[in-house]
$ cat protein-v3.txt   # compact mmCIF, C-alpha atoms
# COMPACT_ATOMS: atom_id res chain seq x y z
CA MET P 445 66.66 -51.69 68.77
CA ARG P 446 64.70 -49.30 66.52
CA ALA P 447 65.76 -51.36 63.50
CA LEU P 448 64.43 -54.50 65.20
CA LEU P 449 61.08 -52.87 65.89
CA VAL P 450 60.80 -51.57 62.33
CA LYS P 451 61.56 -55.04 61.02
CA ILE P 452 58.89 -56.57 63.25
CA ARG P 453 56.35 -53.89 62.32
CA ASN P 454 57.06 -54.39 58.64
CA THR P 455 56.13 -58.06 58.94
CA LEU P 456 52.59 -56.98 59.80
CA THR P 457 51.78 -56.39 56.15
CA PRO P 458 48.37 -55.53 54.72
CA GLN P 459 46.39 -58.59 53.76
CA ALA P 460 44.35 -58.95 50.59
CA GLY P 461 40.63 -59.50 50.72
CA LEU P 462 40.02 -58.08 54.19
CA PRO P 463 36.46 -57.13 55.11
CA ALA P 464 35.81 -53.41 55.21
CA ALA P 465 35.56 -53.38 59.02
CA ALA P 466 39.01 -54.94 59.36
CA ARG P 467 40.55 -52.53 56.86
CA MET P 468 39.00 -49.56 58.64
CA GLU P 469 40.16 -50.73 62.06
CA ARG P 470 43.70 -51.27 60.82
CA LEU P 471 43.74 -47.82 59.21
CA SER P 472 42.43 -46.24 62.40
CA ASP P 473 45.00 -48.01 64.56
CA ARG P 474 47.84 -47.00 62.26
CA ARG P 475 46.99 -43.39 63.04
CA GLY P 476 47.79 -44.13 66.69
CA LEU P 477 45.77 -44.25 69.89
CA PRO P 478 43.08 -41.65 70.43
CA ALA P 479 44.08 -38.99 72.93
CA PHE P 480 40.83 -39.44 74.87
CA ASP P 481 40.89 -41.59 78.03
CA PRO P 482 37.31 -42.58 78.91
CA GLY P 483 38.34 -43.30 82.52
CA PRO P 484 37.96 -46.44 84.62
CA GLN P 485 34.23 -46.22 85.36
CA ALA P 486 33.19 -45.82 81.73
CA VAL P 487 35.49 -48.59 80.53
CA VAL P 488 34.32 -51.03 83.22
CA LYS P 489 30.73 -50.34 82.19
CA ALA P 490 31.46 -50.73 78.47
CA CYS P 491 33.56 -53.89 78.87
CA THR P 492 30.87 -55.44 81.10
CA ALA P 493 28.25 -54.81 78.43
CA TRP P 494 30.57 -56.34 75.81
CA LEU P 495 31.01 -59.50 77.89
CA CYS P 496 27.25 -59.76 78.25
CA ALA P 497 26.92 -59.44 74.47
CA ALA P 498 29.61 -62.10 74.01
CA GLN P 499 27.59 -64.49 76.17
CA ASP P 500 24.38 -63.69 74.31
CA HIS P 501 25.91 -63.94 70.83
CA SER P 502 28.15 -66.98 71.25
CA SER P 503 27.74 -69.01 68.09
CA SER P 504 27.36 -72.17 70.22
CA ASN P 505 24.52 -70.55 72.24
CA ASP P 506 25.14 -72.57 75.39
CA GLY P 507 25.57 -70.15 78.30
CA GLY P 508 29.32 -69.82 77.85
CA VAL P 509 31.06 -66.69 76.60
CA ALA P 510 32.11 -66.36 72.96
CA ARG P 511 35.87 -66.58 72.65
CA ASP P 512 36.00 -63.44 70.53
CA TYR P 513 34.45 -61.22 67.96
CA SER P 514 36.56 -61.44 64.83
CA LEU P 515 36.53 -58.67 62.26
CA LEU P 516 36.94 -61.46 59.71
CA THR P 517 34.37 -64.05 60.84
CA GLY P 518 32.12 -62.51 63.53
CA TRP P 519 31.22 -64.07 66.88
CA ALA P 520 32.99 -67.30 67.82
CA GLY P 521 31.74 -70.21 69.90
CA SER P 522 32.07 -70.39 73.67
CA TYR P 523 35.50 -70.76 75.25
CA PRO P 524 35.52 -72.89 78.42
CA GLU P 525 38.92 -71.74 79.75
CA THR P 526 38.20 -68.03 79.80
CA THR P 527 34.52 -68.38 80.65
CA GLY P 528 35.88 -70.07 83.78
CA TYR P 529 37.85 -67.08 84.94
CA ILE P 530 35.32 -64.55 83.70
CA ILE P 531 32.99 -66.00 86.34
CA PRO P 532 34.77 -64.38 89.34
CA THR P 533 34.77 -61.04 87.51
CA MET P 534 31.05 -61.33 86.72
CA ILE P 535 30.30 -62.21 90.34
CA ALA P 536 32.35 -59.25 91.57
CA LEU P 537 30.51 -56.92 89.19
CA ALA P 538 27.15 -58.35 90.28
CA GLN P 539 27.99 -57.92 93.96
CA ARG P 540 29.36 -54.40 93.42
CA ALA P 541 26.18 -53.26 91.63
CA GLU P 542 23.74 -55.57 93.48
CA ASP P 543 22.66 -56.65 90.01
CA ALA P 544 20.54 -59.79 89.84
CA ALA P 545 20.92 -60.02 86.06
CA LEU P 546 24.71 -60.22 86.32
CA HIS P 547 24.38 -62.87 89.03
CA ALA P 548 22.14 -64.84 86.66
CA ARG P 549 24.77 -64.57 83.94
CA ALA P 550 27.45 -65.89 86.29
CA ARG P 551 25.19 -68.81 87.22
CA ARG P 552 24.63 -69.64 83.53
CA MET P 553 28.39 -69.69 82.99
CA LEU P 554 28.87 -71.92 86.03
CA ASP P 555 26.13 -74.33 85.03
CA TRP P 556 27.62 -74.64 81.54
CA CYS P 557 31.09 -75.35 82.96
CA VAL P 558 29.68 -78.06 85.22
CA ALA P 559 27.83 -79.60 82.27
CA ILE P 560 30.98 -79.94 80.14
CA GLN P 561 33.33 -81.25 82.86
CA PHE P 562 34.91 -84.63 82.17
CA PRO P 563 33.92 -87.28 84.73
CA GLU P 564 37.45 -87.44 86.17
CA GLY P 565 37.39 -83.67 86.81
CA GLY P 566 39.35 -82.06 83.98
CA PHE P 567 38.18 -79.68 81.27
CA GLN P 568 38.94 -79.49 77.58
CA GLY P 569 41.24 -77.09 75.79
CA GLY P 570 40.18 -74.75 73.00
CA LYS P 571 36.69 -73.62 72.09
CA ILE P 572 33.76 -75.89 72.86
CA ASP P 573 33.82 -77.29 69.32
CA SER P 574 37.62 -77.72 69.14
CA THR P 575 39.21 -81.09 68.56
CA PRO P 576 40.82 -83.10 69.97
CA ARG P 577 38.58 -82.84 73.02
CA VAL P 578 40.90 -83.89 75.83
CA PRO P 579 41.37 -82.71 79.44
CA VAL P 580 44.02 -79.99 79.75
CA THR P 581 45.84 -78.81 82.87
CA PHE P 582 45.81 -75.10 82.14
CA ASN P 583 42.17 -74.85 81.14
CA THR P 584 41.09 -76.87 84.17
CA GLY P 585 42.96 -74.48 86.47
CA GLN P 586 41.24 -71.47 84.96
CA ILE P 587 37.79 -72.99 85.29
CA LEU P 588 38.64 -73.98 88.86
CA LEU P 589 38.92 -70.26 89.63
CA GLY P 590 35.32 -69.87 88.52
CA LEU P 591 34.07 -72.93 90.38
CA ALA P 592 35.69 -71.78 93.64
CA ALA P 593 34.14 -68.34 93.21
CA GLY P 594 30.81 -70.03 92.51
CA VAL P 595 30.97 -72.03 95.74
CA ALA P 596 31.87 -68.89 97.70
CA ALA P 597 29.01 -66.88 96.20
CA TYR P 598 26.27 -69.45 95.65
CA GLY P 599 26.96 -72.38 97.93
CA GLY P 600 27.42 -76.10 97.69
CA VAL P 601 25.77 -76.74 94.32
CA TYR P 602 29.18 -76.18 92.68
CA GLN P 603 31.27 -77.86 95.37
CA ASP P 604 31.46 -81.33 93.79
CA ALA P 605 32.66 -79.92 90.48
CA MET P 606 35.23 -77.78 92.30
CA HIS P 607 36.60 -80.76 94.22
CA ARG P 608 36.78 -82.96 91.14
CA ALA P 609 38.75 -80.32 89.23
CA ALA P 610 41.08 -79.63 92.16
CA ARG P 611 41.70 -83.32 92.84
CA TRP P 612 42.42 -83.97 89.17
CA LEU P 613 45.03 -81.21 89.15
CA ARG P 614 46.54 -82.30 92.47
CA ASP P 615 46.79 -85.93 91.44
CA SER P 616 48.14 -85.35 87.92
CA GLN P 617 51.08 -83.25 89.09
CA ASP P 618 54.63 -84.54 88.66
CA ALA P 619 56.83 -84.92 91.74
CA ASP P 620 58.84 -81.77 90.98
CA GLY P 621 55.67 -79.64 90.89
CA CYS P 622 55.38 -79.30 87.12
CA TRP P 623 52.34 -80.49 85.18
CA ARG P 624 53.36 -82.49 82.11
CA ARG P 625 50.71 -85.19 81.64
CA HIS P 626 47.87 -83.15 80.12
CA PRO P 627 49.29 -80.33 77.96
CA THR P 628 47.14 -78.32 75.63
CA PRO P 629 47.17 -79.46 72.01
CA PHE P 630 46.78 -75.79 71.00
CA ALA P 631 50.20 -74.45 72.05
CA SER P 632 53.78 -75.52 71.48
CA ALA P 633 55.05 -78.47 73.49
CA GLY P 634 57.13 -78.09 76.63
CA ASP P 635 56.96 -77.12 80.29
CA LYS P 636 55.04 -73.92 81.09
CA ALA P 637 56.09 -71.63 83.92
CA TYR P 638 52.88 -69.63 83.46
CA GLU P 639 50.93 -72.51 84.99
CA THR P 640 51.42 -70.63 88.25
CA HIS P 641 48.01 -69.35 87.12
CA VAL P 642 46.77 -72.94 87.52
CA ALA P 643 48.26 -73.01 91.02
CA TRP P 644 46.14 -69.96 91.86
CA GLY P 645 43.01 -72.02 91.21
CA LEU P 646 44.24 -74.55 93.75
CA PHE P 647 44.82 -71.80 96.32
CA GLU P 648 41.24 -70.64 95.88
CA ALA P 649 39.93 -74.21 96.23
CA ASP P 650 42.02 -74.68 99.37
CA ARG P 651 40.53 -71.52 100.90
CA ILE P 652 37.05 -72.94 100.30
CA ALA P 653 37.88 -76.50 101.38
CA PRO P 654 41.16 -76.80 103.32
CA GLY P 655 42.66 -80.13 104.26
CA HIS P 656 42.86 -81.77 100.84
CA GLY P 657 46.38 -80.74 99.86
CA TYR P 658 45.23 -78.41 97.10
CA GLY P 659 47.26 -75.44 98.30
CA ALA P 660 50.37 -77.54 98.87
CA ALA P 661 50.16 -78.78 95.27
CA GLY P 662 49.86 -75.20 94.06
CA LEU P 663 52.94 -74.16 96.02
CA ARG P 664 54.92 -77.06 94.56
CA GLN P 665 54.20 -75.76 91.08
CA VAL P 666 55.16 -72.19 91.96
CA ASP P 667 58.40 -73.36 93.55
CA TRP P 668 59.13 -75.29 90.36
CA ALA P 669 58.34 -72.24 88.23
CA LEU P 670 60.79 -70.16 90.24
CA THR P 671 63.58 -72.46 89.06
CA LYS P 672 62.83 -70.93 85.64
CA GLN P 673 63.12 -67.34 86.88
CA ARG P 674 66.26 -65.31 86.20
CA PRO P 675 67.60 -62.75 88.70
CA ASN P 676 65.96 -59.94 86.72
CA GLY P 677 62.55 -61.65 87.02
CA TRP P 678 62.28 -63.03 83.47
CA PHE P 679 60.88 -66.57 83.17
CA ALA P 680 62.12 -69.21 80.75
CA SER P 681 59.61 -71.79 79.45
CA ASN P 682 56.91 -69.16 79.65
CA CYS P 683 55.18 -68.72 76.31
CA LEU P 684 52.53 -70.27 74.11
CA ASP P 685 54.80 -70.33 71.08
CA ASN P 686 58.16 -68.56 71.54
CA PRO P 687 59.99 -69.07 74.86
CA LEU P 688 62.73 -66.60 73.86
CA LEU P 689 60.20 -63.81 73.35
CA PRO P 690 57.28 -64.53 75.66
CA LEU P 691 54.05 -62.62 75.35
CA THR P 692 53.24 -60.11 78.07
CA HIS P 693 50.06 -62.18 78.38
CA THR P 694 51.96 -65.22 79.68
CA ILE P 695 54.33 -63.02 81.70
CA GLY P 696 51.22 -61.61 83.36
CA TYR P 697 49.92 -65.12 84.05
CA ALA P 698 53.22 -66.17 85.66
CA LEU P 699 53.48 -63.01 87.76
CA ARG P 700 49.90 -63.21 88.99
CA GLY P 701 50.38 -66.81 90.08
CA VAL P 702 53.47 -65.94 92.10
CA LEU P 703 51.64 -63.02 93.72
CA GLU P 704 48.71 -65.27 94.60
CA ALA P 705 51.11 -67.82 96.06
CA HIS P 706 52.47 -65.11 98.35
CA ARG P 707 48.96 -63.99 99.28
CA TYR P 708 48.13 -67.60 100.12
CA ALA P 709 51.30 -68.60 101.97
CA ALA P 710 52.69 -65.23 103.18
CA ARG P 711 56.22 -66.27 102.17
CA ASP P 712 58.69 -63.42 101.76
CA ASP P 713 60.61 -65.26 99.06
CA LEU P 714 57.52 -65.35 96.90
CA LEU P 715 56.97 -61.62 97.27
CA ASP P 716 60.64 -61.03 96.44
CA ALA P 717 60.27 -63.15 93.30
CA ALA P 718 57.15 -61.25 92.24
CA ALA P 719 58.88 -57.95 92.87
CA ARG P 720 61.78 -58.91 90.62
CA THR P 721 59.44 -59.56 87.73
CA GLY P 722 57.21 -56.61 88.51
CA THR P 723 60.12 -54.17 88.72
CA SER P 724 61.42 -55.21 85.32
CA VAL P 725 57.95 -55.05 83.76
CA ALA P 726 57.39 -51.58 85.24
CA ARG P 727 60.68 -50.36 83.76
CA ALA P 728 59.59 -51.64 80.33
CA VAL P 729 56.42 -49.50 80.36
CA ALA P 730 56.86 -46.36 78.26
CA ALA P 731 55.77 -42.91 79.40
CA ASP P 732 52.57 -43.22 77.36
CA GLY P 733 51.80 -46.68 78.78
CA HIS P 734 52.93 -48.68 75.76
CA LEU P 735 54.35 -52.10 76.62
CA ALA P 736 55.73 -54.23 73.80
CA GLY P 737 53.64 -57.35 73.28
CA ARG P 738 56.67 -59.61 73.70
CA LEU P 739 59.66 -59.14 75.99
CA GLY P 740 63.07 -60.75 75.65
CA PRO P 741 65.34 -62.02 78.45
CA ASP P 742 66.42 -58.49 79.41
CA PHE P 743 62.82 -57.26 79.14
CA GLN P 744 63.74 -55.58 75.86
CA PRO P 745 60.92 -55.08 73.31
CA GLY P 746 60.36 -58.09 71.10
CA ALA P 747 57.31 -56.91 69.13
CA GLY P 748 56.14 -53.77 67.43
CA TYR P 749 52.62 -53.97 68.87
CA ALA P 750 51.08 -53.97 72.35
CA CYS P 751 49.32 -57.11 73.61
CA LEU P 752 46.43 -55.33 75.31
CA THR P 753 45.56 -58.44 77.33
CA GLY P 754 49.06 -58.59 78.76
CA SER P 755 49.09 -54.86 79.44
CA ALA P 756 45.89 -55.13 81.50
CA GLN P 757 47.12 -58.24 83.34
CA ASN P 758 50.43 -56.65 84.23
CA ALA P 759 48.70 -53.45 85.32
CA HIS P 760 46.66 -55.50 87.79
CA CYS P 761 49.78 -57.25 89.08
CA LEU P 762 51.61 -53.95 89.54
CA PHE P 763 48.65 -52.55 91.49
CA LEU P 764 48.83 -55.63 93.73
CA LEU P 765 52.57 -55.12 94.22
CA TYR P 766 51.89 -51.52 95.21
CA GLN P 767 49.35 -52.71 97.76
CA LEU P 768 51.84 -55.22 99.16
CA THR P 769 54.95 -53.02 99.17
CA GLY P 770 53.83 -49.40 99.06
CA GLU P 771 56.38 -48.74 96.32
CA ARG P 772 55.09 -45.93 94.15
CA HIS P 773 56.79 -46.96 90.91
CA TYR P 774 54.45 -49.95 90.67
CA LEU P 775 51.39 -47.73 91.03
CA ASP P 776 52.61 -45.23 88.45
CA ALA P 777 53.44 -47.88 85.84
CA ALA P 778 50.11 -49.65 86.42
CA ARG P 779 48.18 -46.43 85.87
CA ARG P 780 50.08 -45.77 82.65
CA LEU P 781 49.28 -49.28 81.40
CA ASN P 782 45.61 -48.91 82.25
CA ARG P 783 45.37 -45.53 80.52
CA TYR P 784 46.94 -46.98 77.38
CA VAL P 785 44.46 -49.86 77.24
CA ARG P 786 41.49 -47.59 78.00
CA ARG P 787 42.43 -45.31 75.10
CA ALA P 788 42.22 -48.38 72.82
CA VAL P 789 38.65 -49.17 73.96
CA SER P 790 35.71 -47.67 72.08
CA ILE P 791 32.79 -46.81 74.34
CA ASP P 792 30.47 -45.55 71.60
CA GLY P 793 31.38 -47.43 68.44
CA PRO P 794 29.69 -50.30 66.55
CA ALA P 795 27.93 -52.85 68.76
CA HIS P 796 30.51 -55.61 68.19
CA ALA P 797 33.36 -53.28 69.16
CA ARG P 798 31.80 -51.11 71.86
CA GLY P 799 33.55 -52.11 75.08
CA GLY P 800 35.63 -54.77 73.30
CA VAL P 801 39.37 -55.04 73.86
CA LYS P 802 41.47 -56.08 70.89
CA GLY P 803 44.10 -58.75 71.15
CA SER P 804 46.72 -56.41 69.75
CA PHE P 805 47.16 -52.72 69.15
CA PRO P 806 47.42 -52.23 66.23
CA VAL P 807 44.71 -54.77 65.49
CA ASP P 808 46.91 -56.73 63.05
CA GLY P 809 49.57 -57.55 65.63
CA ASP P 810 50.27 -61.25 66.04
CA TYR P 811 48.28 -61.82 69.25
CA GLY P 812 44.54 -62.20 68.79
CA THR P 813 44.88 -60.73 65.31
CA TRP P 814 41.76 -58.92 64.00
CA ALA P 815 39.76 -59.88 67.09
CA TYR P 816 38.23 -58.54 70.30
CA LEU P 817 38.96 -61.16 72.97
CA ASN P 818 36.71 -62.05 75.91
CA TRP P 819 39.64 -62.46 78.31
CA ALA P 820 41.09 -59.10 77.29
CA ALA P 821 37.82 -57.45 78.37
CA LYS P 822 37.85 -59.46 81.63
CA PHE P 823 41.40 -58.42 82.53
CA CYS P 824 40.65 -54.81 81.59
CA ILE P 825 37.68 -54.81 83.97
CA ASP P 826 39.74 -56.35 86.77
CA ALA P 827 42.59 -53.87 86.45
CA ASN P 828 40.28 -50.86 86.30
CA LEU P 829 38.20 -52.03 89.27
CA LEU P 830 41.40 -52.25 91.30
CA GLU P 831 42.47 -48.81 90.13
CA LEU P 832 39.11 -47.45 91.27
CA GLU P 833 39.54 -49.21 94.61
CA LEU P 834 42.93 -47.57 95.11
CA GLY P 835 41.44 -44.14 94.34
CA HIS P 836 43.84 -41.21 94.49
CA ALA P 837 46.66 -43.01 96.31
$ encode --input "protein-v3.txt" --output "structure tokens"
Amino acid sequence: MRALLVKIRNTLTPQAGLPAAARMERLSDRRGLPAFDPGPQAVVKACTAWLCAAQDHSSSNDGGVARDYSLLTGWAGSYPETTGYIIPTMIALAQRAEDAALHARARRMLDWCVAIQFPEGGFQGGKIDSTPRVPVTFNTGQILLGLAAGVAAYGGVYQDAMHRAARWLRDSQDADGCWRRHPTPFASAGDKAYETHVAWGLFEADRIAPGHGYGAAGLRQVDWALTKQRPNGWFASNCLDNPLLPLTHTIGYALRGVLEAHRYAARDDLLDAAARTGTSVARAVAADGHLAGRLGPDFQPGAGYACLTGSAQNAHCLFLLYQLTGERHYLDAARRLNRYVRRAVSIDGPAHARGGVKGSFPVDGDYGTWAYLNWAAKFCIDANLLELELGHA
């Protein structure tokens, strides 16, 4: 196994012509994580400020949130998919702090999402300027999370957009529960078990507006996804680009969707399925909180870097499993994951990096290479807010 990890790490070779900031960040990361853990409160504050900066500095300047800050190219344009699910986080932060400015930011994100919705209800894949511009199942599900949160927080002005997105997803689903008609052009072809995270959007829409079959459609997808789950909790057909070594990011998506299906339907089999995945993920977390960025069918490491996004997502899921089961090993592993990610976050560095969460640690790993990702900051906030909620349990 060590030989495999060395081989993978050695593929992450230095690249000629890198900007000074990228070279410095790579050199810093190669020294290892700082020992200092800023703690949940400081990291939530820093990541929130970074998301605000990402909205303000989006190169498309439209109210959406910049996809990333790249150490190679600077601020990107707005990213509809992740702006969609940043909205519930921004609303939660605004409500927690009673902060009118954060509420206004959430409303700007919502209004932008409504403005770019296709008439039939779907949303595009990729950044706002990506081509081809076609409706995509996954992205629509993520924006549906934001629209449902917008209706809950701000009322009926977002209800039509929510219904159109939910109906489009419900009506484009195949009979077996899988979505195949509107795949993203920006990932490899094939069925995607991680679209349980799309099902979650339907559960939220059903809570707002029951009686339209949204939740039933979501459960059909989750039941289909469970046909891809092995007894140890690993999912086949569950990656953007390599189904044999899925990213912890897509593992986190799949696990969260199954957990939300249980929270929606209160079915014991769904909790059992989530626990199988969660137990194996927890066992893969090292004592220092490191989780390999890709995990093979036995949850063995498949990458020499950590996918910080996936680490934060899986931390959140393990906290939820602790809440649902009371099993301490979930709580302990989640705290280790959160500490690892927090140690990778600078709370007093350059403006573009302060509060940003890199795609990979080290920064030249193959997920979100050289970039601070808006969704990584969002998931980091979510996981640390839940850790704060749990307190000293």
$ residues_around --input "protein-v3.txt" --residues "stretch 536-540 of chain P" --least-positions-apart "4" --cutoff "12 Å" --atoms "all atoms listed in the file" --output "VMD selection string"
chain P and resid 485 488 to 489 491 to 493 495 to 496 529 to 532 544 to 551 590 593 to 594 596 to 598 822 825 to 826 828 to 830 833
$ residues_near_point --input "protein-v3.txt" --point "(48.0, -68.0, 97.8)" --cutoff "8 Å" --atoms "only C-alpha atoms" --output "NGL selection string"
:P and (644 or 647-648 or 659 or 703-710)
$ closest_atom_pairs --input "protein-v3.txt" --of "stretch 563-650 of chain P" --to "stretch 666-689 of chain P" --cutoff "12 Å" --atoms "all atoms listed in the file" --output "JSON lines"
{"residue": "P:Phe582", "atom": "CA", "partner": "P:Leu684", "partner_atom": "CA", "distance": 11.5}
{"residue": "P:Gln617", "atom": "CA", "partner": "P:Trp668", "partner_atom": "CA", "distance": 11.4}
{"residue": "P:Asp618", "atom": "CA", "partner": "P:Trp668", "partner_atom": "CA", "distance": 10.4}
{"residue": "P:Ala619", "atom": "CA", "partner": "P:Trp668", "partner_atom": "CA", "distance": 10.0}
{"residue": "P:Asp620", "atom": "CA", "partner": "P:Trp668", "partner_atom": "CA", "distance": 6.5}
{"residue": "P:Gly621", "atom": "CA", "partner": "P:Trp668", "partner_atom": "CA", "distance": 5.6}
{"residue": "P:Cys622", "atom": "CA", "partner": "P:Trp668", "partner_atom": "CA", "distance": 6.4}
{"residue": "P:Trp623", "atom": "CA", "partner": "P:Trp668", "partner_atom": "CA", "distance": 10.0}
{"residue": "P:Pro627", "atom": "CA", "partner": "P:Leu684", "partner_atom": "CA", "distance": 11.2}
{"residue": "P:Thr628", "atom": "CA", "partner": "P:Leu684", "partner_atom": "CA", "distance": 9.8}
{"residue": "P:Pro629", "atom": "CA", "partner": "P:Leu684", "partner_atom": "CA", "distance": 10.8}
{"residue": "P:Phe630", "atom": "CA", "partner": "P:Leu684", "partner_atom": "CA", "distance": 8.6}
{"residue": "P:Ala631", "atom": "CA", "partner": "P:Leu684", "partner_atom": "CA", "distance": 5.2}
{"residue": "P:Ser632", "atom": "CA", "partner": "P:Asp685", "partner_atom": "CA", "distance": 5.3}
{"residue": "P:Ala633", "atom": "CA", "partner": "P:Asp685", "partner_atom": "CA", "distance": 8.5}
{"residue": "P:Gly634", "atom": "CA", "partner": "P:Ser681", "partner_atom": "CA", "distance": 7.3}
{"residue": "P:Asp635", "atom": "CA", "partner": "P:Ser681", "partner_atom": "CA", "distance": 6.0}
{"residue": "P:Lys636", "atom": "CA", "partner": "P:Ser681", "partner_atom": "CA", "distance": 5.3}
{"residue": "P:Ala637", "atom": "CA", "partner": "P:Ala669", "partner_atom": "CA", "distance": 4.9}
{"residue": "P:Tyr638", "atom": "CA", "partner": "P:Asn682", "partner_atom": "CA", "distance": 5.6}
{"residue": "P:Glu639", "atom": "CA", "partner": "P:Ala669", "partner_atom": "CA", "distance": 8.1}
{"residue": "P:Thr640", "atom": "CA", "partner": "P:Val666", "partner_atom": "CA", "distance": 5.5}
{"residue": "P:His641", "atom": "CA", "partner": "P:Val666", "partner_atom": "CA", "distance": 9.1}
{"residue": "P:Val642", "atom": "CA", "partner": "P:Val666", "partner_atom": "CA", "distance": 9.5}
{"residue": "P:Ala643", "atom": "CA", "partner": "P:Val666", "partner_atom": "CA", "distance": 7.0}
{"residue": "P:Trp644", "atom": "CA", "partner": "P:Val666", "partner_atom": "CA", "distance": 9.3}
{"residue": "P:Leu646", "atom": "CA", "partner": "P:Val666", "partner_atom": "CA", "distance": 11.3}
{"residue": "P:Phe647", "atom": "CA", "partner": "P:Val666", "partner_atom": "CA", "distance": 11.2}
$ residues_around --input "protein-v3.txt" --residues "P:Ser804" --least-positions-apart "4" --cutoff "7 Å" --atoms "all atoms listed in the file" --output "list in words"
Tyr749, Ala750, Cys751, Leu752, Asp808, Gly809, Tyr811, Gly812 and Thr813 of chain P
$ closest_residue --input "protein-v3.txt" --among "P:Ala661, P:Ile572, P:Ala736, P:Ile652" --to "P:Pro690" --atoms "all atoms listed in the file"
P:Ala736
$ atom_distance --input "protein-v3.txt" --atom1 "atom CA of P:Asn782" --atom2 "atom CA of P:Leu817"
16.7 Å
$ closest_residue --input "protein-v3.txt" --among "P:Ala466, P:Val725, P:Ala747, P:Ile535" --to "P:Arg552" --atoms "all atoms listed in the file"
P:Ile535
$ closest_residue --input "protein-v3.txt" --among "P:Cys557, P:Val801, P:Ala465, P:Ala490" --to "P:Ala756" --atoms "all atoms listed in the file"
P:Val801
$ atom_distance --input "protein-v3.txt" --atom1 "atom CA of P:Asp555" --atom2 "atom CA of P:Val601"
9.6 Å
